[in-house]
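Report on the following structure.
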Amino acid sequence: MPTKVLMVCLGNICRSPLAEGVLQSKLPKNKCIVDSTGTANYHVGTAPDKRSIVTAKKFGIDISQQKCRQLSKSDFETFDFIYVMDTSNYKNVIAIAPNEASKQKVKLILNEVDSTSNLEVPDPYYGEMEDFEHVFHLLDEACTIIASKIHSK
Ligand code: 4NP
């Protein structure tokens with residue numbers, strides 16, 4: 001059975017679509033199923049932010065076909081690991097987690113890189129292209145570690 005990983009941010013148009021594309025690019029589908037979602041419903045049904053699409057493309061990853069959706073309670077059953085980008089996402093996700101086992105699945109993604117520092121992937125929505133590229137590199141580093149853990153399972 002493939003490991004199922006859910007990437008979560010606020011809008012599901014900037015950070016989590018990049019995280020989905022980056023992790024997907026590192027593992028075959030028979031090893032890992034990756035999806036992304038947002039805690040908010042502002043952009044449901046739309047493609048990722050153009051700046052995320054362009055940034056991913058620069059590194060050879062196509063995220064243009066993704067569609068924004070909102071986190072639902074059933075996601076806690078479907079997925080094995082739920083990675084959030086910042087502490088605000090963490091609070092929002094924990095608030096709707098149906099039980100303790102669900103809460104245990106939720107982790108700050110950069111804690112894969114440094115498990116004790118609770119670092120955040122900054123929201124680039126009001127930023128510039130270089131902020132999106134910074135986000136890409138942070139996620140690439142974290143996803144390399146996640147992929148190697150899943151690969152060696
Ligand atoms: P994301 O960024 O959570 O990385 O997708 C945002 C996208 C949209 C908004 C906020 C953050 N918004 O307020 O519409």
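Every chain in the structure tokens has a letter given in the order shown (A, B, ...), and although residue numbers restart at 1 in each chain, ligands are simply numbered from 1 in the order shown.
Near Gln65 of chain A, within 12 Å and counting only C-alpha atoms, sit A:Ile13, A:Pro17, A:Glu20, A:Gly21, A:Gly45, A:Thr46, A:Ala47, A:Pro48, A:Asp49, A:Lys50, A:Ile53, A:Ile61, not including residues fewer than 4 positions from it in the same chain.
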Same residues, N, CA and C atoms, output as a PDB file, in the first residue's frame:
```
ATOM      1  N   ILE A  13      -3.385  27.468  -2.617  1.00  0.00           N
ATOM      2  CA  ILE A  13      -3.000  27.941  -3.955  1.00  0.00           C
ATOM      3  C   ILE A  13      -1.510  28.289  -4.060  1.00  0.00           C
ATOM      4  N   PRO A  17       0.248  23.443  -2.829  1.00  0.00           N
ATOM      5  CA  PRO A  17       0.377  22.871  -4.184  1.00  0.00           C
ATOM      6  C   PRO A  17       1.838  22.616  -4.559  1.00  0.00           C
ATOM      7  N   GLU A  20       2.931  19.509  -2.684  1.00  0.00           N
ATOM      8  CA  GLU A  20       2.383  18.317  -3.349  1.00  0.00           C
ATOM      9  C   GLU A  20       3.238  17.941  -4.561  1.00  0.00           C
ATOM     10  N   GLY A  21       3.508  18.932  -5.403  1.00  0.00           N
ATOM     11  CA  GLY A  21       4.277  18.671  -6.626  1.00  0.00           C
ATOM     12  C   GLY A  21       5.695  18.216  -6.342  1.00  0.00           C
ATOM     13  N   GLY A  45     -11.738  25.143  -6.158  1.00  0.00           N
ATOM     14  CA  GLY A  45     -11.998  24.883  -7.581  1.00  0.00           C
ATOM     15  C   GLY A  45     -11.016  25.541  -8.528  1.00  0.00           C
ATOM     16  N   THR A  46     -10.177  26.456  -8.019  1.00  0.00           N
ATOM     17  CA  THR A  46      -9.246  27.157  -8.909  1.00  0.00           C
ATOM     18  C   THR A  46      -7.889  26.448  -8.967  1.00  0.00           C
ATOM     19  N   ALA A  47      -7.124  26.786  -9.987  1.00  0.00           N
ATOM     20  CA  ALA A  47      -5.756  26.274 -10.147  1.00  0.00           C
ATOM     21  C   ALA A  47      -4.847  26.987  -9.139  1.00  0.00           C
ATOM     22  N   PRO A  48      -3.638  26.443  -8.913  1.00  0.00           N
ATOM     23  CA  PRO A  48      -2.694  27.159  -8.043  1.00  0.00           C
ATOM     24  C   PRO A  48      -2.377  28.573  -8.557  1.00  0.00           C
ATOM     25  N   ASP A  49      -1.894  29.419  -7.659  1.00  0.00           N
ATOM     26  CA  ASP A  49      -1.424  30.765  -7.995  1.00  0.00           C
ATOM     27  C   ASP A  49      -0.391  30.664  -9.136  1.00  0.00           C
ATOM     28  N   LYS A  50      -0.495  31.578 -10.101  1.00  0.00           N
ATOM     29  CA  LYS A  50       0.417  31.546 -11.267  1.00  0.00           C
ATOM     30  C   LYS A  50       1.889  31.535 -10.848  1.00  0.00           C
ATOM     31  N   ILE A  53       2.881  28.106  -9.976  1.00  0.00           N
ATOM     32  CA  ILE A  53       2.976  27.298 -11.209  1.00  0.00           C
ATOM     33  C   ILE A  53       4.301  27.584 -11.922  1.00  0.00           C
ATOM     34  N   ILE A  61       8.712  20.853 -12.608  1.00  0.00           N
ATOM     35  CA  ILE A  61       7.522  20.219 -12.009  1.00  0.00           C
ATOM     36  C   ILE A  61       6.260  20.941 -12.492  1.00  0.00           C
TER      37      ILE A  61
END
```
Requested in this report: List all protein, DNA and RNA residues that have any atom at most 6 Å from ligand 1, counting only C-alpha atoms and all ligand atoms, and write the list as a PyMOL selection string.
Outcome: chain A and resi 9-15+42+123+125
Query raised in the report: Which polymer residues have any atom within 10 Å of an atom of Ile150 of chain A, counting only C-alpha atoms, with same-chain residues fewer than 2 positions away left out, as an MDAnalysis selection string?
Result: chainID A and resid 2:4 27 31:32 145:148 152:153
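Among the candidate residues A:Phe79, A:Lys73, A:Lys57, A:Ala142, the one lying nearest to Asp114 of chain A is A:Ala142, with distances computed using only C-alpha atoms.
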Query - atom CA of Asp35 of chain A to atom CA of Met7 of chain A, straight-line distance in Å - result: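 If I compute the distance from atom CA of Met7 of chain A to atom CA of Asp35 of chain A, I get 6.3 Å.
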Query raised in the report: Which residue, A:Cys68, A:Ala40, A:Leu18, A:Ala95, has the smallest gap to Cys143 of chain A when you use only C-alpha atoms?
Result: A:Leu18
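Residue-level DSSP output for chain A, from the backbone, shows strand (DSSP E) at Thr3, Lys4, Val5, Leu6, Met7, Val8, Cys9, Cys32, Ile33, Val34, Asp35, Ser36, Thr37, Gly38, Phe81, Ile82, Tyr83, Val84, Val106, Lys107 and Leu108 of chain A.
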Go ahead and save the residues from that selection, with N, CA and C atoms, as a PDB file, in the first residue's frame.
```pdb
ATOM      1  N   THR A   3       2.078   4.983   0.863  1.00  0.00           N
ATOM      2  CA  THR A   3       1.884   5.931   1.970  1.00  0.00           C
ATOM      3  C   THR A   3       1.112   7.133   1.424  1.00  0.00           C
ATOM      4  N   LYS A   4       0.145   7.600   2.191  1.00  0.00           N
ATOM      5  CA  LYS A   4      -0.677   8.733   1.730  1.00  0.00           C
ATOM      6  C   LYS A   4      -0.339   9.986   2.535  1.00  0.00           C
ATOM      7  N   VAL A   5       0.068  11.027   1.817  1.00  0.00           N
ATOM      8  CA  VAL A   5       0.534  12.261   2.448  1.00  0.00           C
ATOM      9  C   VAL A   5      -0.330  13.440   1.992  1.00  0.00           C
ATOM     10  N   LEU A   6      -0.790  14.238   2.942  1.00  0.00           N
ATOM     11  CA  LEU A   6      -1.574  15.433   2.633  1.00  0.00           C
ATOM     12  C   LEU A   6      -0.793  16.678   3.039  1.00  0.00           C
ATOM     13  N   MET A   7      -0.649  17.617   2.107  1.00  0.00           N
ATOM     14  CA  MET A   7       0.012  18.897   2.359  1.00  0.00           C
ATOM     15  C   MET A   7      -1.065  19.966   2.578  1.00  0.00           C
ATOM     16  N   VAL A   8      -0.934  20.738   3.655  1.00  0.00           N
ATOM     17  CA  VAL A   8      -1.996  21.703   3.990  1.00  0.00           C
ATOM     18  C   VAL A   8      -1.430  23.108   4.202  1.00  0.00           C
ATOM     19  N   CYS A   9      -2.087  24.104   3.596  1.00  0.00           N
ATOM     20  CA  CYS A   9      -1.798  25.501   3.931  1.00  0.00           C
ATOM     21  C   CYS A   9      -3.132  26.227   4.112  1.00  0.00           C
ATOM     22  N   CYS A  32       3.920   6.294  -2.919  1.00  0.00           N
ATOM     23  CA  CYS A  32       3.365   7.451  -2.209  1.00  0.00           C
ATOM     24  C   CYS A  32       2.293   8.164  -3.020  1.00  0.00           C
ATOM     25  N   ILE A  33       1.150   8.392  -2.382  1.00  0.00           N
ATOM     26  CA  ILE A  33       0.087   9.214  -2.961  1.00  0.00           C
ATOM     27  C   ILE A  33       0.126  10.556  -2.235  1.00  0.00           C
ATOM     28  N   VAL A  34       0.215  11.653  -2.983  1.00  0.00           N
ATOM     29  CA  VAL A  34       0.278  12.981  -2.368  1.00  0.00           C
ATOM     30  C   VAL A  34      -0.905  13.821  -2.838  1.00  0.00           C
ATOM     31  N   ASP A  35      -1.479  14.573  -1.925  1.00  0.00           N
ATOM     32  CA  ASP A  35      -2.547  15.508  -2.264  1.00  0.00           C
ATOM     33  C   ASP A  35      -2.302  16.778  -1.445  1.00  0.00           C
ATOM     34  N   SER A  36      -3.042  17.848  -1.777  1.00  0.00           N
ATOM     35  CA  SER A  36      -2.935  19.056  -0.956  1.00  0.00           C
ATOM     36  C   SER A  36      -4.312  19.665  -0.776  1.00  0.00           C
ATOM     37  N   THR A  37      -4.425  20.486   0.263  1.00  0.00           N
ATOM     38  CA  THR A  37      -5.701  21.113   0.571  1.00  0.00           C
ATOM     39  C   THR A  37      -5.463  22.384   1.388  1.00  0.00           C
ATOM     40  N   GLY A  38      -6.541  23.170   1.551  1.00  0.00           N
ATOM     41  CA  GLY A  38      -6.443  24.394   2.349  1.00  0.00           C
ATOM     42  C   GLY A  38      -7.424  24.358   3.505  1.00  0.00           C
ATOM     43  N   PHE A  81      -0.085  10.833   6.829  1.00  0.00           N
ATOM     44  CA  PHE A  81       0.664  11.987   7.342  1.00  0.00           C
ATOM     45  C   PHE A  81       0.027  13.272   6.817  1.00  0.00           C
ATOM     46  N   ILE A  82      -0.117  14.247   7.691  1.00  0.00           N
ATOM     47  CA  ILE A  82      -0.694  15.539   7.306  1.00  0.00           C
ATOM     48  C   ILE A  82       0.335  16.614   7.670  1.00  0.00           C
ATOM     49  N   TYR A  83       0.926  17.224   6.646  1.00  0.00           N
ATOM     50  CA  TYR A  83       1.956  18.242   6.880  1.00  0.00           C
ATOM     51  C   TYR A  83       1.376  19.636   6.684  1.00  0.00           C
ATOM     52  N   VAL A  84       1.580  20.493   7.689  1.00  0.00           N
ATOM     53  CA  VAL A  84       1.127  21.879   7.611  1.00  0.00           C
ATOM     54  C   VAL A  84       2.332  22.807   7.467  1.00  0.00           C
ATOM     55  N   VAL A 106      -0.670  15.098  12.375  1.00  0.00           N
ATOM     56  CA  VAL A 106      -0.426  16.473  11.909  1.00  0.00           C
ATOM     57  C   VAL A 106       0.945  16.963  12.385  1.00  0.00           C
ATOM     58  N   LYS A 107       1.763  17.417  11.414  1.00  0.00           N
ATOM     59  CA  LYS A 107       3.116  17.897  11.762  1.00  0.00           C
ATOM     60  C   LYS A 107       3.459  19.135  10.951  1.00  0.00           C
ATOM     61  N   LEU A 108       4.253  20.021  11.558  1.00  0.00           N
ATOM     62  CA  LEU A 108       4.831  21.135  10.796  1.00  0.00           C
ATOM     63  C   LEU A 108       5.863  20.548   9.834  1.00  0.00           C
TER      64      LEU A 108
END
```
Query raised in the report: What is the distance, in Å and to one decimal place, between atom CA of Ala101 of chain A and atom CA of Glu77 of chain A?
Result: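 Between these atoms lies a distance of 9.5 Å.
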Query - DSSP-assigned helix (DSSP H, G or I) among segment 34-120 of chain A, expressed as number ranges by chain - result: A: 50-58, 75-78, 87-96, 100-104, 109-112
Query raised in the report: Got a sec: who's within 7 Å of Val93 of chain A, counting only C-alpha atoms, leaving out chain neighbours fewer than 4 positions off, as a ChimeraX atom specification?
Result: /A:39,89,97
May I have the residues from that selection written out with C-alpha atoms, as an mmCIF file, in the first residue's frame?
```
data_model
loop_
_atom_site.group_PDB
_atom_site.id
_atom_site.type_symbol
_atom_site.label_atom_id
_atom_site.label_comp_id
_atom_site.auth_asym_id
_atom_site.auth_seq_id
_atom_site.Cartn_x
_atom_site.Cartn_y
_atom_site.Cartn_z
ATOM 1 C CA THR A 39 -8.072 25.176 5.665
ATOM 2 C CA ASN A 89 -2.440 26.056 9.816
ATOM 3 C CA ALA A 97 -9.375 16.720 13.899
#
```
**Report entry** Of the listed residues A:Asn99, A:Ser16, A:His137, A:Val113, that which approaches Ser74 of chain A most closely, counting only C-alpha atoms
**Finding:**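 Looking at the shortest contact to Ser74 of chain A, the residue is A:Asn99.
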Query - Atomic distance atom CA of Thr144 of chain A - atom CA of Asn41 of chain A, expressed in Å with one decimal - result: 29.2 Å
Query raised in the report: Which residue, A:Pro98, A:Ile109, A:Lys91, A:Asp62, has the smallest gap to Phe76 of chain A when you use only C-alpha atoms?
Result: A:Pro98
Query raised in the report: Hey, which of A:Glu112, A:Ala56, A:Asp75, A:Pro122 ends up closest to Ser88 of chain A? Count only C-alpha atoms.
Result: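 The closest residue to Ser88 of chain A is A:Pro122.
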